[in-house]
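Novice: Enclosed is the structure file entry_7.tsv (TSV, C-alpha atoms).
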```tsv
chain	number	residue	atom	x	y	z
A	1	MET	CA	-9.62	-5.11	-17.17
A	2	ARG	CA	-10.55	-5.96	-13.57
A	3	VAL	CA	-8.11	-4.88	-10.86
A	4	ILE	CA	-7.97	-5.59	-7.13
A	5	SER	CA	-5.62	-3.43	-5.06
A	6	LEU	CA	-4.58	-4.83	-1.68
A	7	PHE	CA	-2.25	-1.94	-0.86
A	8	PRO	CA	-3.31	1.72	-0.37
A	9	ALA	CA	-0.25	3.04	-2.23
A	10	ALA	CA	-1.14	0.87	-5.22
A	11	THR	CA	-4.73	2.12	-5.08
A	12	GLU	CA	-3.44	5.69	-5.22
A	13	MET	CA	-1.24	4.85	-8.20
A	14	VAL	CA	-4.15	3.32	-10.10
A	15	CYS	CA	-6.27	6.41	-9.46
A	16	ALA	CA	-3.43	8.79	-10.32
A	17	LEU	CA	-3.19	7.03	-13.69
A	18	GLY	CA	-6.89	7.64	-14.30
A	19	ALA	CA	-7.73	3.94	-14.07
A	20	TRP	CA	-10.03	4.02	-11.02
A	21	ASP	CA	-12.82	2.54	-13.12
A	22	THR	CA	-10.82	-0.70	-13.40
A	23	LEU	CA	-10.87	-1.22	-9.62
A	24	VAL	CA	-13.33	-3.94	-8.63
A	25	GLY	CA	-11.98	-4.39	-5.09
A	26	VAL	CA	-9.62	-2.65	-2.69
A	27	SER	CA	-8.08	-3.09	0.76
A	28	HIS	CA	-9.94	-1.95	3.87
A	29	ASP	CA	-7.50	0.95	4.34
A	30	SER	CA	-7.58	2.30	0.79
A	31	ASP	CA	-9.03	5.75	1.42
A	32	TYR	CA	-7.47	8.09	-1.13
A	33	PRO	CA	-8.55	9.77	-3.29
A	34	PRO	CA	-12.00	9.61	-1.68
A	35	GLU	CA	-13.80	11.05	-4.70
A	36	MET	CA	-12.65	8.10	-6.82
A	37	LEU	CA	-13.35	5.33	-4.30
A	38	HIS	CA	-17.12	5.08	-4.30
A	39	PRO	CA	-18.76	3.62	-1.15
A	40	GLY	CA	-19.95	0.52	-2.98
A	41	ILE	CA	-16.53	-0.75	-4.00
A	42	PRO	CA	-15.89	-4.07	-2.21
A	43	ARG	CA	-13.33	-4.16	0.58
A	44	VAL	CA	-11.57	-7.51	0.39
A	45	THR	CA	-9.29	-7.26	3.44
A	46	ARG	CA	-9.61	-6.53	7.12
A	47	SER	CA	-7.16	-5.98	9.98
A	48	ILE	CA	-7.19	-8.14	13.11
A	49	ILE	CA	-5.76	-5.24	15.15
A	50	ASP	CA	-7.72	-2.26	16.44
A	51	SER	CA	-5.70	0.65	15.07
A	52	SER	CA	-7.42	3.03	17.51
A	53	ALA	CA	-5.80	1.30	20.49
A	54	PRO	CA	-2.95	3.01	22.39
A	55	PRO	CA	0.50	2.61	20.76
A	56	ALA	CA	1.81	0.20	23.43
A	57	GLU	CA	-1.21	-2.09	22.99
A	58	VAL	CA	-0.91	-2.07	19.20
A	59	ASP	CA	2.78	-2.97	19.53
A	60	ARG	CA	1.94	-5.81	21.93
A	61	LEU	CA	-0.67	-7.27	19.58
A	62	VAL	CA	1.73	-7.05	16.63
A	63	ARG	CA	4.43	-8.88	18.59
A	64	VAL	CA	2.02	-11.61	19.71
A	65	ALA	CA	0.83	-12.16	16.13
A	66	ASP	CA	4.43	-12.25	14.92
A	67	THR	CA	5.39	-14.82	17.58
A	68	LEU	CA	2.46	-17.04	16.61
A	69	GLY	CA	3.14	-16.62	12.91
A	70	ASP	CA	-0.31	-15.11	12.38
A	71	SER	CA	-1.06	-12.59	9.67
A	72	LEU	CA	-2.19	-9.16	10.86
A	73	HIS	CA	-4.51	-8.85	7.89
A	74	VAL	CA	-7.16	-11.20	6.53
A	75	LEU	CA	-8.07	-11.69	2.88
A	76	ASP	CA	-11.64	-12.44	1.86
A	77	ALA	CA	-10.84	-15.25	-0.54
A	78	GLU	CA	-14.47	-15.82	-1.53
A	79	ALA	CA	-14.97	-12.16	-2.42
A	80	ILE	CA	-11.77	-12.10	-4.45
A	81	SER	CA	-12.84	-15.22	-6.35
A	82	ALA	CA	-16.28	-13.74	-7.08
A	83	LEU	CA	-14.73	-10.52	-8.41
A	84	GLU	CA	-12.73	-12.47	-11.03
A	85	PRO	CA	-9.73	-10.13	-11.13
A	86	ASP	CA	-7.34	-9.95	-14.06
A	87	ILE	CA	-4.72	-8.20	-11.91
A	88	ILE	CA	-4.02	-8.14	-8.18
A	89	LEU	CA	-1.73	-5.43	-6.82
A	90	THR	CA	-0.02	-6.21	-3.52
A	91	GLN	CA	3.22	-5.46	-1.65
A	92	GLY	CA	6.31	-7.20	-0.34
A	93	ILE	CA	7.62	-4.49	1.98
A	94	CYS	CA	5.99	-4.90	5.37
A	95	ASP	CA	3.82	-7.68	6.82
A	96	VAL	CA	2.62	-5.29	9.54
A	97	CYS	CA	1.37	-2.65	7.11
A	98	ALA	CA	-0.53	-4.80	4.63
A	99	ILE	CA	-1.40	-8.29	3.41
A	100	ARG	CA	1.50	-10.74	3.16
A	101	GLU	CA	2.55	-11.30	-0.43
A	102	SER	CA	2.74	-15.06	0.12
A	103	ASP	CA	-0.91	-15.17	1.22
A	104	VAL	CA	-1.96	-13.25	-1.88
A	105	ARG	CA	-0.13	-15.60	-4.24
A	106	ILE	CA	-1.65	-18.69	-2.61
A	107	ILE	CA	-5.16	-17.34	-3.14
A	108	ALA	CA	-4.39	-16.10	-6.67
A	109	GLU	CA	-3.08	-19.50	-7.72
A	110	SER	CA	-6.23	-21.17	-6.40
A	111	LEU	CA	-8.57	-19.17	-8.63
A	112	PHE	CA	-10.13	-20.74	-11.72
A	113	ARG	CA	-8.38	-18.14	-13.88
A	114	PRO	CA	-5.27	-17.06	-11.94
A	115	PRO	CA	-4.69	-13.29	-12.26
A	116	ILE	CA	-1.44	-11.44	-12.71
A	117	VAL	CA	0.01	-10.61	-9.27
A	118	LEU	CA	2.19	-7.50	-9.18
A	119	SER	CA	4.02	-6.89	-5.91
A	120	LEU	CA	5.38	-3.43	-5.10
A	121	THR	CA	8.62	-3.40	-3.10
A	122	ALA	CA	9.90	0.20	-3.08
A	123	ASP	CA	12.47	1.11	-0.42
A	124	SER	CA	13.26	4.59	-1.78
A	125	LEU	CA	11.73	7.48	-3.68
A	126	ASP	CA	13.32	6.32	-6.93
A	127	GLU	CA	11.92	2.82	-6.46
A	128	MET	CA	8.47	4.27	-5.74
A	129	LEU	CA	8.63	6.15	-9.04
A	130	ASN	CA	9.64	2.93	-10.77
A	131	ASP	CA	6.68	1.16	-9.15
A	132	ILE	CA	4.42	3.73	-10.81
A	133	ARG	CA	5.95	2.70	-14.12
A	134	ARG	CA	5.37	-0.98	-13.29
A	135	VAL	CA	1.72	-0.36	-12.41
A	136	GLY	CA	1.34	1.70	-15.58
A	137	ALA	CA	2.76	-1.14	-17.65
A	138	VAL	CA	0.44	-3.80	-16.22
A	139	LEU	CA	-2.53	-1.43	-16.70
A	140	GLU	CA	-1.39	-0.70	-20.26
A	141	ARG	CA	-0.93	2.98	-19.37
A	142	SER	CA	2.83	3.33	-19.66
A	143	VAL	CA	2.69	6.71	-21.39
A	144	LEU	CA	0.51	8.16	-18.62
A	145	ALA	CA	2.76	6.60	-15.99
A	146	GLU	CA	5.86	8.20	-17.49
A	147	ALA	CA	4.10	11.56	-17.60
A	148	LEU	CA	3.12	11.21	-13.92
A	149	VAL	CA	6.69	10.29	-12.94
A	150	THR	CA	7.98	13.32	-14.83
A	151	ARG	CA	5.58	15.64	-12.99
A	152	LEU	CA	6.60	14.20	-9.62
A	153	GLU	CA	10.30	14.49	-10.45
A	154	ASP	CA	9.77	18.10	-11.53
A	155	ARG	CA	8.21	18.92	-8.16
A	156	LEU	CA	11.16	17.37	-6.32
A	157	THR	CA	13.51	19.37	-8.50
A	158	ARG	CA	11.71	22.61	-7.68
A	159	VAL	CA	12.14	21.94	-3.95
A	160	HIS	CA	15.84	21.27	-4.50
A	161	GLU	CA	16.36	24.39	-6.58
A	162	ARG	CA	14.70	26.64	-3.99
A	163	LEU	CA	16.85	25.17	-1.23
A	164	VAL	CA	20.03	25.67	-3.26
A	165	GLN	CA	19.09	29.23	-4.09
A	166	ALA	CA	18.26	30.04	-0.46
A	167	SER	CA	21.44	28.32	0.82
A	168	VAL	CA	19.87	27.58	4.22
A	169	PRO	CA	21.43	25.30	6.87
A	170	ARG	CA	20.10	21.78	7.20
A	171	PRO	CA	18.33	21.01	10.50
A	172	ARG	CA	19.01	17.76	12.36
A	173	VAL	CA	15.75	15.82	12.20
A	174	ALA	CA	14.31	12.82	14.04
A	175	VAL	CA	11.18	11.36	12.46
A	176	LEU	CA	9.44	9.03	14.92
A	177	GLU	CA	7.34	6.34	13.27
A	178	TRP	CA	5.99	5.00	16.59
A	179	THR	CA	6.06	6.25	20.16
A	180	ASP	CA	5.62	3.30	22.55
A	181	PRO	CA	8.11	1.82	22.02
A	182	ILE	CA	9.92	4.50	20.02
A	183	TYR	CA	10.64	3.57	16.41
A	184	ASN	CA	12.69	5.64	14.01
A	185	ALA	CA	11.45	6.04	10.43
A	186	GLY	CA	13.12	3.85	7.83
A	187	HIS	CA	12.82	2.89	4.17
A	188	TRP	CA	12.32	6.04	2.06
A	189	VAL	CA	11.77	8.56	4.90
A	190	PRO	CA	15.45	9.45	5.53
A	191	GLN	CA	15.77	10.18	1.80
A	192	MET	CA	12.66	12.35	1.96
A	193	VAL	CA	14.18	14.30	4.84
A	194	ARG	CA	17.35	14.86	2.82
A	195	ARG	CA	15.43	15.93	-0.29
A	196	ALA	CA	13.52	18.39	1.92
A	197	GLY	CA	16.73	19.98	3.18
A	198	GLY	CA	17.22	18.15	6.47
A	199	ILE	CA	19.51	15.55	8.05
A	200	GLU	CA	17.78	12.46	9.43
A	201	VAL	CA	19.76	11.55	12.57
A	202	LEU	CA	18.24	8.14	13.39
A	203	GLY	CA	17.68	6.32	10.11
A	204	LYS	CA	19.27	5.55	6.75
A	205	THR	CA	17.55	5.21	3.39
A	206	GLY	CA	16.58	1.63	2.59
A	207	GLU	CA	16.90	0.37	6.16
A	208	ARG	CA	13.86	-0.81	8.08
A	209	SER	CA	12.55	1.18	11.01
A	210	ARG	CA	13.75	-0.11	14.37
A	211	VAL	CA	13.18	0.36	18.07
A	212	VAL	CA	15.37	3.14	19.50
A	213	SER	CA	15.87	4.10	23.13
A	214	MET	CA	15.14	7.56	24.48
A	215	ASP	CA	18.85	7.89	25.22
A	216	GLU	CA	19.63	7.18	21.58
A	217	VAL	CA	17.20	9.85	20.40
A	218	VAL	CA	18.65	12.42	22.80
A	219	ALA	CA	22.24	11.51	21.89
A	220	ALA	CA	21.47	12.09	18.19
A	221	LYS	CA	20.87	15.77	19.06
A	222	PRO	CA	17.89	16.51	16.79
A	223	ASP	CA	16.73	20.10	16.68
A	224	THR	CA	13.50	19.17	14.87
A	225	ILE	CA	11.26	16.28	15.93
A	226	ILE	CA	8.49	14.95	13.72
A	227	PHE	CA	5.82	12.81	15.37
A	228	ALA	CA	4.44	10.58	12.61
A	229	PRO	CA	3.06	7.32	14.03
A	230	CYS	CA	2.35	4.92	11.17
A	231	GLY	CA	-1.20	5.38	9.88
A	232	TYR	CA	-2.01	8.47	11.98
A	233	ASP	CA	-3.35	11.65	10.42
A	234	ALA	CA	-1.86	15.02	11.43
A	235	ASN	CA	-4.37	15.78	14.19
A	236	ARG	CA	-4.07	12.37	15.85
A	237	ALA	CA	-0.27	12.53	15.63
A	238	ALA	CA	-0.35	16.02	17.17
A	239	ALA	CA	-2.51	14.81	20.05
A	240	GLU	CA	-0.10	11.95	20.68
A	241	GLY	CA	2.90	14.27	20.57
A	242	ALA	CA	1.29	16.85	22.87
A	243	MET	CA	0.47	14.15	25.42
A	244	LEU	CA	4.03	12.81	25.40
A	245	MET	CA	5.52	16.28	25.82
A	246	LYS	CA	3.81	16.53	29.20
A	247	LYS	CA	5.73	13.50	30.46
A	248	LYS	CA	8.97	13.94	32.37
A	249	GLU	CA	10.99	11.66	30.09
A	250	TRP	CA	10.06	13.79	27.07
A	251	ALA	CA	10.78	17.15	28.72
A	252	TRP	CA	14.03	17.50	26.77
A	253	ILE	CA	12.18	18.37	23.54
A	254	ALA	CA	10.45	21.43	25.03
A	255	HIS	CA	12.85	23.86	23.35
A	256	ARG	CA	13.09	22.08	20.03
A	257	ARG	CA	10.90	22.52	16.97
A	258	THR	CA	8.23	19.85	17.21
A	259	TRP	CA	5.70	18.94	14.54
A	260	ALA	CA	3.20	16.20	13.78
A	261	MET	CA	2.59	14.97	10.23
A	262	ASP	CA	-0.05	13.03	8.35
A	263	SER	CA	1.94	9.83	8.25
A	264	GLY	CA	-0.84	7.77	6.67
A	265	GLY	CA	-0.96	10.03	3.65
A	266	LEU	CA	2.49	11.55	3.31
A	267	LEU	CA	5.11	9.25	4.84
A	268	SER	CA	4.13	5.62	5.34
A	269	ARG	CA	2.62	4.83	1.92
A	270	PRO	CA	5.15	4.49	-0.92
A	271	GLY	CA	2.94	6.16	-3.50
A	272	PRO	CA	2.72	9.47	-5.37
A	273	ARG	CA	1.95	11.47	-2.22
A	274	LEU	CA	5.47	10.90	-0.90
A	275	VAL	CA	6.28	13.94	-3.02
A	276	ASP	CA	3.65	15.88	-1.07
A	277	GLY	CA	5.49	14.61	2.00
A	278	VAL	CA	8.82	16.01	0.79
A	279	GLU	CA	7.19	19.38	0.12
A	280	THR	CA	5.60	19.37	3.58
A	281	LEU	CA	8.89	18.49	5.28
A	282	ALA	CA	10.60	21.33	3.40
A	283	GLU	CA	7.89	23.72	4.62
A	284	ILE	CA	8.50	22.56	8.20
A	285	PHE	CA	12.30	22.72	8.03
A	286	HIS	CA	12.63	26.01	6.16
A	287	PRO	CA	9.82	28.46	7.03
A	288	THR	CA	11.74	31.39	5.53
A	289	VAL	CA	11.87	29.67	2.13
A	290	PHE	CA	8.49	27.93	1.87
A	291	LEU	CA	4.95	28.69	2.98
A	292	ARG	CA	3.64	27.18	6.22
A	293	PRO	CA	2.23	23.67	5.62
A	294	ALA	CA	-1.51	23.16	5.47
A	295	ARG	CA	-2.90	21.96	8.80
A	296	VAL	CA	-4.29	18.82	7.23
A	297	ARG	CA	-0.69	17.86	6.39
A	298	ALA	CA	1.23	19.00	9.45
A	299	VAL	CA	0.57	20.56	12.86
A	300	GLU	CA	3.12	22.38	15.02
A	301	ILE	CA	3.17	21.21	18.64
A	302	ARG	CA	4.10	23.78	21.25
A	303	ALA	CA	5.10	23.00	24.82
A	304	GLU	CA	2.55	24.14	27.38
```
Just dump the structure as structure tokens.
Specialist:
Amino acid sequence: MRVISLFPAATEMVCALGAWDTLVGVSHDSDYPPEMLHPGIPRVTRSIIDSSAPPAEVDRLVRVADTLGDSLHVLDAEAISALEPDIILTQGICDVCAIRESDVRIIAESLFRPPIVLSLTADSLDEMLNDIRRVGAVLERSVLAEALVTRLEDRLTRVHERLVQASVPRPRVAVLEWTDPIYNAGHWVPQMVRRAGGIEVLGKTGERSRVVSMDEVVAAKPDTIIFAPCGYDANRAAAEGAMLMKKKEWAWIAHRRTWAMDSGGLLSRPGPRLVDGVETLAEIFHPTVFLRPARVRAVEIRAE
């Protein structure tokens, strides 16, 4: 079996099911788990946007590409053809985050031996768990997939049980997926906040993230703010948050609990590590119930 994964969350699922040796190609941003993604594995996509650019510039480039109808990601059709995949894993959630599903299907249908194309479309934690089952089925590892889902569900249950036992109040939480302009966090993130013992004040489960004004954020009265720009690790998100807190328009958050999270690993990819994200959020929200989160996952930002 020869598998190409064009979506980091799908890559993580394949590896979590012990099938990393079936991967013959992955997306440029598939980076976890590093010990299973050897340096020689072909990267069959690239982004046309410099992700290291300031948030406002990234947003501008995304809007220009959207206006022109251009894809933000490029597939290496020749490489994919040479790899002769049996299965291609892609996504149908977000054209900004990964390759467009329509582009993948056009290339797949052009191959001499068209592969199976499985598109992941989770908008919630439950749908993410079901996507694990779907990947397990196409990889002929359904038993392992069900066992993985059970372990992940058990971890979520343990978080819930500790919160019930502790009977702690739920903080009002604003998770910010982008900062210039400000985007709330959509899809599965509001559900993650709820499962972690918080109340997401800007988004609803299943809805897409959207631009929100500063006035809207303030009016929602969050007492906990999570900076989690899409694709940023915890340290980069913390640096962004600390810089913003020095600006006059952000002064209102000085006396609120403010954290940065590894969005790229724990929030923005609908894969197994969303459960790690729920555990990390619970550690942030309820420090008297859970241990402090590891710095690689989350960093507290304090006003200077």
Novice: Restricting the calculation to all atoms listed in the file: of A:Ala16, A:Val278, A:Leu266, A:Val299, which residue gets closest to Ala242 in chain A?
Specialist: A:Val299
Novice: Check which residues of range 240-275 of chain A sit at most 9 Å from range 213-218 of chain A using all atoms listed in the file, and return one row each with the closest pair of atoms and their distance in Å to one decimal, ordered by chain and rising number, as CSV.
Specialist:
```
residue,atom,partner,partner_atom,distance
A:Glu249,CA,A:Met214,CA,8.1
A:Trp250,CA,A:Met214,CA,8.4
A:Trp252,CA,A:Val218,CA,7.9
A:Ile253,CA,A:Val218,CA,8.8
```
Novice: What does the distance from CA of Pro270 in chain A to CA of Arg113 in chain A come to in Å, to one decimal?
Specialist: 29.4 Å
Novice: In Å, with one decimal, what is the gap from CA of Ala298 in chain A to CA of Val173 in chain A?
Specialist: 15.1 Å
Novice: So that I can see what lies close to Gly136 in chain A, please list as a PyMOL selection string the residues with an atom at most 9 Å from it, counting all atoms listed in the file and leaving out residues fewer than 3 positions away in the same chain.
Specialist: chain A and resi 13-14+17+131-133+139-146
Novice: Near Arg297 in chain A, counting all atoms listed in the file, which residues have an atom at most 12 Å away, once you skip same-chain residues fewer than 2 positions from it, shown as a PyMOL selection string?
Specialist: chain A and resi 228+232-238+259-267+273-274+276-281+283-284+292-295+299-300
Novice: Go ahead and dump the residues you just picked, C-alpha atoms, as a JSON list (two decimals), keeping the file's coordinate frame.
Specialist:
```json
[["chain", "number", "residue", "atom", "x", "y", "z"],
["A", 228, "ALA", "CA", 4.44, 10.58, 12.61],
["A", 232, "TYR", "CA", -2.01, 8.47, 11.98],
["A", 233, "ASP", "CA", -3.35, 11.65, 10.42],
["A", 234, "ALA", "CA", -1.86, 15.02, 11.43],
["A", 235, "ASN", "CA", -4.37, 15.78, 14.19],
["A", 236, "ARG", "CA", -4.07, 12.37, 15.85],
["A", 237, "ALA", "CA", -0.27, 12.53, 15.63],
["A", 238, "ALA", "CA", -0.35, 16.02, 17.17],
["A", 259, "TRP", "CA", 5.70, 18.94, 14.54],
["A", 260, "ALA", "CA", 3.20, 16.20, 13.78],
["A", 261, "MET", "CA", 2.59, 14.97, 10.23],
["A", 262, "ASP", "CA", -0.05, 13.03, 8.35],
["A", 263, "SER", "CA", 1.94, 9.83, 8.25],
["A", 264, "GLY", "CA", -0.84, 7.77, 6.67],
["A", 265, "GLY", "CA", -0.96, 10.03, 3.65],
["A", 266, "LEU", "CA", 2.49, 11.55, 3.31],
["A", 267, "LEU", "CA", 5.11, 9.25, 4.84],
["A", 273, "ARG", "CA", 1.95, 11.47, -2.22],
["A", 274, "LEU", "CA", 5.47, 10.90, -0.90],
["A", 276, "ASP", "CA", 3.65, 15.88, -1.07],
["A", 277, "GLY", "CA", 5.49, 14.61, 2.00],
["A", 278, "VAL", "CA", 8.82, 16.01, 0.79],
["A", 279, "GLU", "CA", 7.19, 19.38, 0.12],
["A", 280, "THR", "CA", 5.60, 19.37, 3.58],
["A", 281, "LEU", "CA", 8.89, 18.49, 5.28],
["A", 283, "GLU", "CA", 7.89, 23.72, 4.62],
["A", 284, "ILE", "CA", 8.50, 22.56, 8.20],
["A", 292, "ARG", "CA", 3.64, 27.18, 6.22],
["A", 293, "PRO", "CA", 2.23, 23.67, 5.62],
["A", 294, "ALA", "CA", -1.51, 23.16, 5.47],
["A", 295, "ARG", "CA", -2.90, 21.96, 8.80],
["A", 299, "VAL", "CA", 0.57, 20.56, 12.86],
["A", 300, "GLU", "CA", 3.12, 22.38, 15.02]]
```
Novice: Gln91 in chain A: which residues within 8 Å, counting all atoms listed in the file, same-chain residues fewer than 3 positions away excluded, as a PyMOL selection string?
Specialist: chain A and resi 6-7+94+98-101+118-121
Novice: Which residues come within 10 Å of Met192 in chain A, counting only C-alpha atoms, excluding same-chain residues fewer than 3 positions away, as a list of chain:residue names?
Specialist: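 Final neighbour list, sorted by chain and number: A:Ser124, A:Leu125, A:Leu156, A:His187, A:Trp188, A:Val189, A:Arg195, A:Ala196, A:Gly197, A:Gly198, A:Ile199, A:Glu200, A:Thr205, A:Leu267, A:Leu274, A:Val275, A:Gly277, A:Val278, A:Glu279, A:Leu281, A:Ala282.
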Novice: Record the distance separating CA of Phe112 in chain A and CA of Ser81 in chain A, expressed in Å with one decimal.
Specialist: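 CA of Ser81 in chain A lies 8.2 Å from CA of Phe112 in chain A.
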Novice: Taking into account only C-alpha atoms, which residue in the set A:Ala174, A:His73, A:Ser30, A:Leu129 is nearest to Arg46 in chain A?
Specialist: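 Under the stated criterion, the closest residue is A:His73.
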Novice: Can you find the residues with an atom no farther than 10 Å from (-15.9, -12.4, -4.4), counting all atoms listed in the file, and report them as a tab-separated table (two decimals) with C-alpha atoms, in the frame of the given file?
Specialist:
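Final output, saved to out.tsv:
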```tsv
chain	number	residue	atom	x	y	z
A	24	VAL	CA	-13.33	-3.94	-8.63
A	25	GLY	CA	-11.98	-4.39	-5.09
A	42	PRO	CA	-15.89	-4.07	-2.21
A	43	ARG	CA	-13.33	-4.16	0.58
A	44	VAL	CA	-11.57	-7.51	0.39
A	76	ASP	CA	-11.64	-12.44	1.86
A	77	ALA	CA	-10.84	-15.25	-0.54
A	78	GLU	CA	-14.47	-15.82	-1.53
A	79	ALA	CA	-14.97	-12.16	-2.42
A	80	ILE	CA	-11.77	-12.10	-4.45
A	81	SER	CA	-12.84	-15.22	-6.35
A	82	ALA	CA	-16.28	-13.74	-7.08
A	83	LEU	CA	-14.73	-10.52	-8.41
A	84	GLU	CA	-12.73	-12.47	-11.03
A	85	PRO	CA	-9.73	-10.13	-11.13
```
Novice: Would you please work out which residue, of A:Pro190, A:Val289, A:Ile301, A:Pro272, is nearest to Val164 in chain A when using only C-alpha atoms?
Specialist: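 That would be A:Val289, the residue with the smallest distance to Val164 in chain A.
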Novice: Which is closer to Ser52 in chain A than all the others in A:Pro8, A:Pro229, A:Met36, A:Tyr183, using only C-alpha atoms?
Specialist: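 Among the listed residues, A:Pro229 lies closest to Ser52 in chain A.
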Novice: Point out the residue among A:Tyr32, A:Val175, A:Ala53, A:Arg256 with the least atom-to-atom distance to Arg194 in chain A, counting all atoms listed in the file.
Specialist: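 So, comparing all the options, the nearest one is A:Val175.
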Novice: Which residue, A:Val211, A:Ala303, A:Ala19, A:Met243, has the smallest gap to Glu177 in chain A when you use all atoms listed in the file?
Specialist: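 Going through A:Val211, A:Ala303, A:Ala19, A:Met243 one by one, the smallest distance to Glu177 in chain A is for A:Val211.
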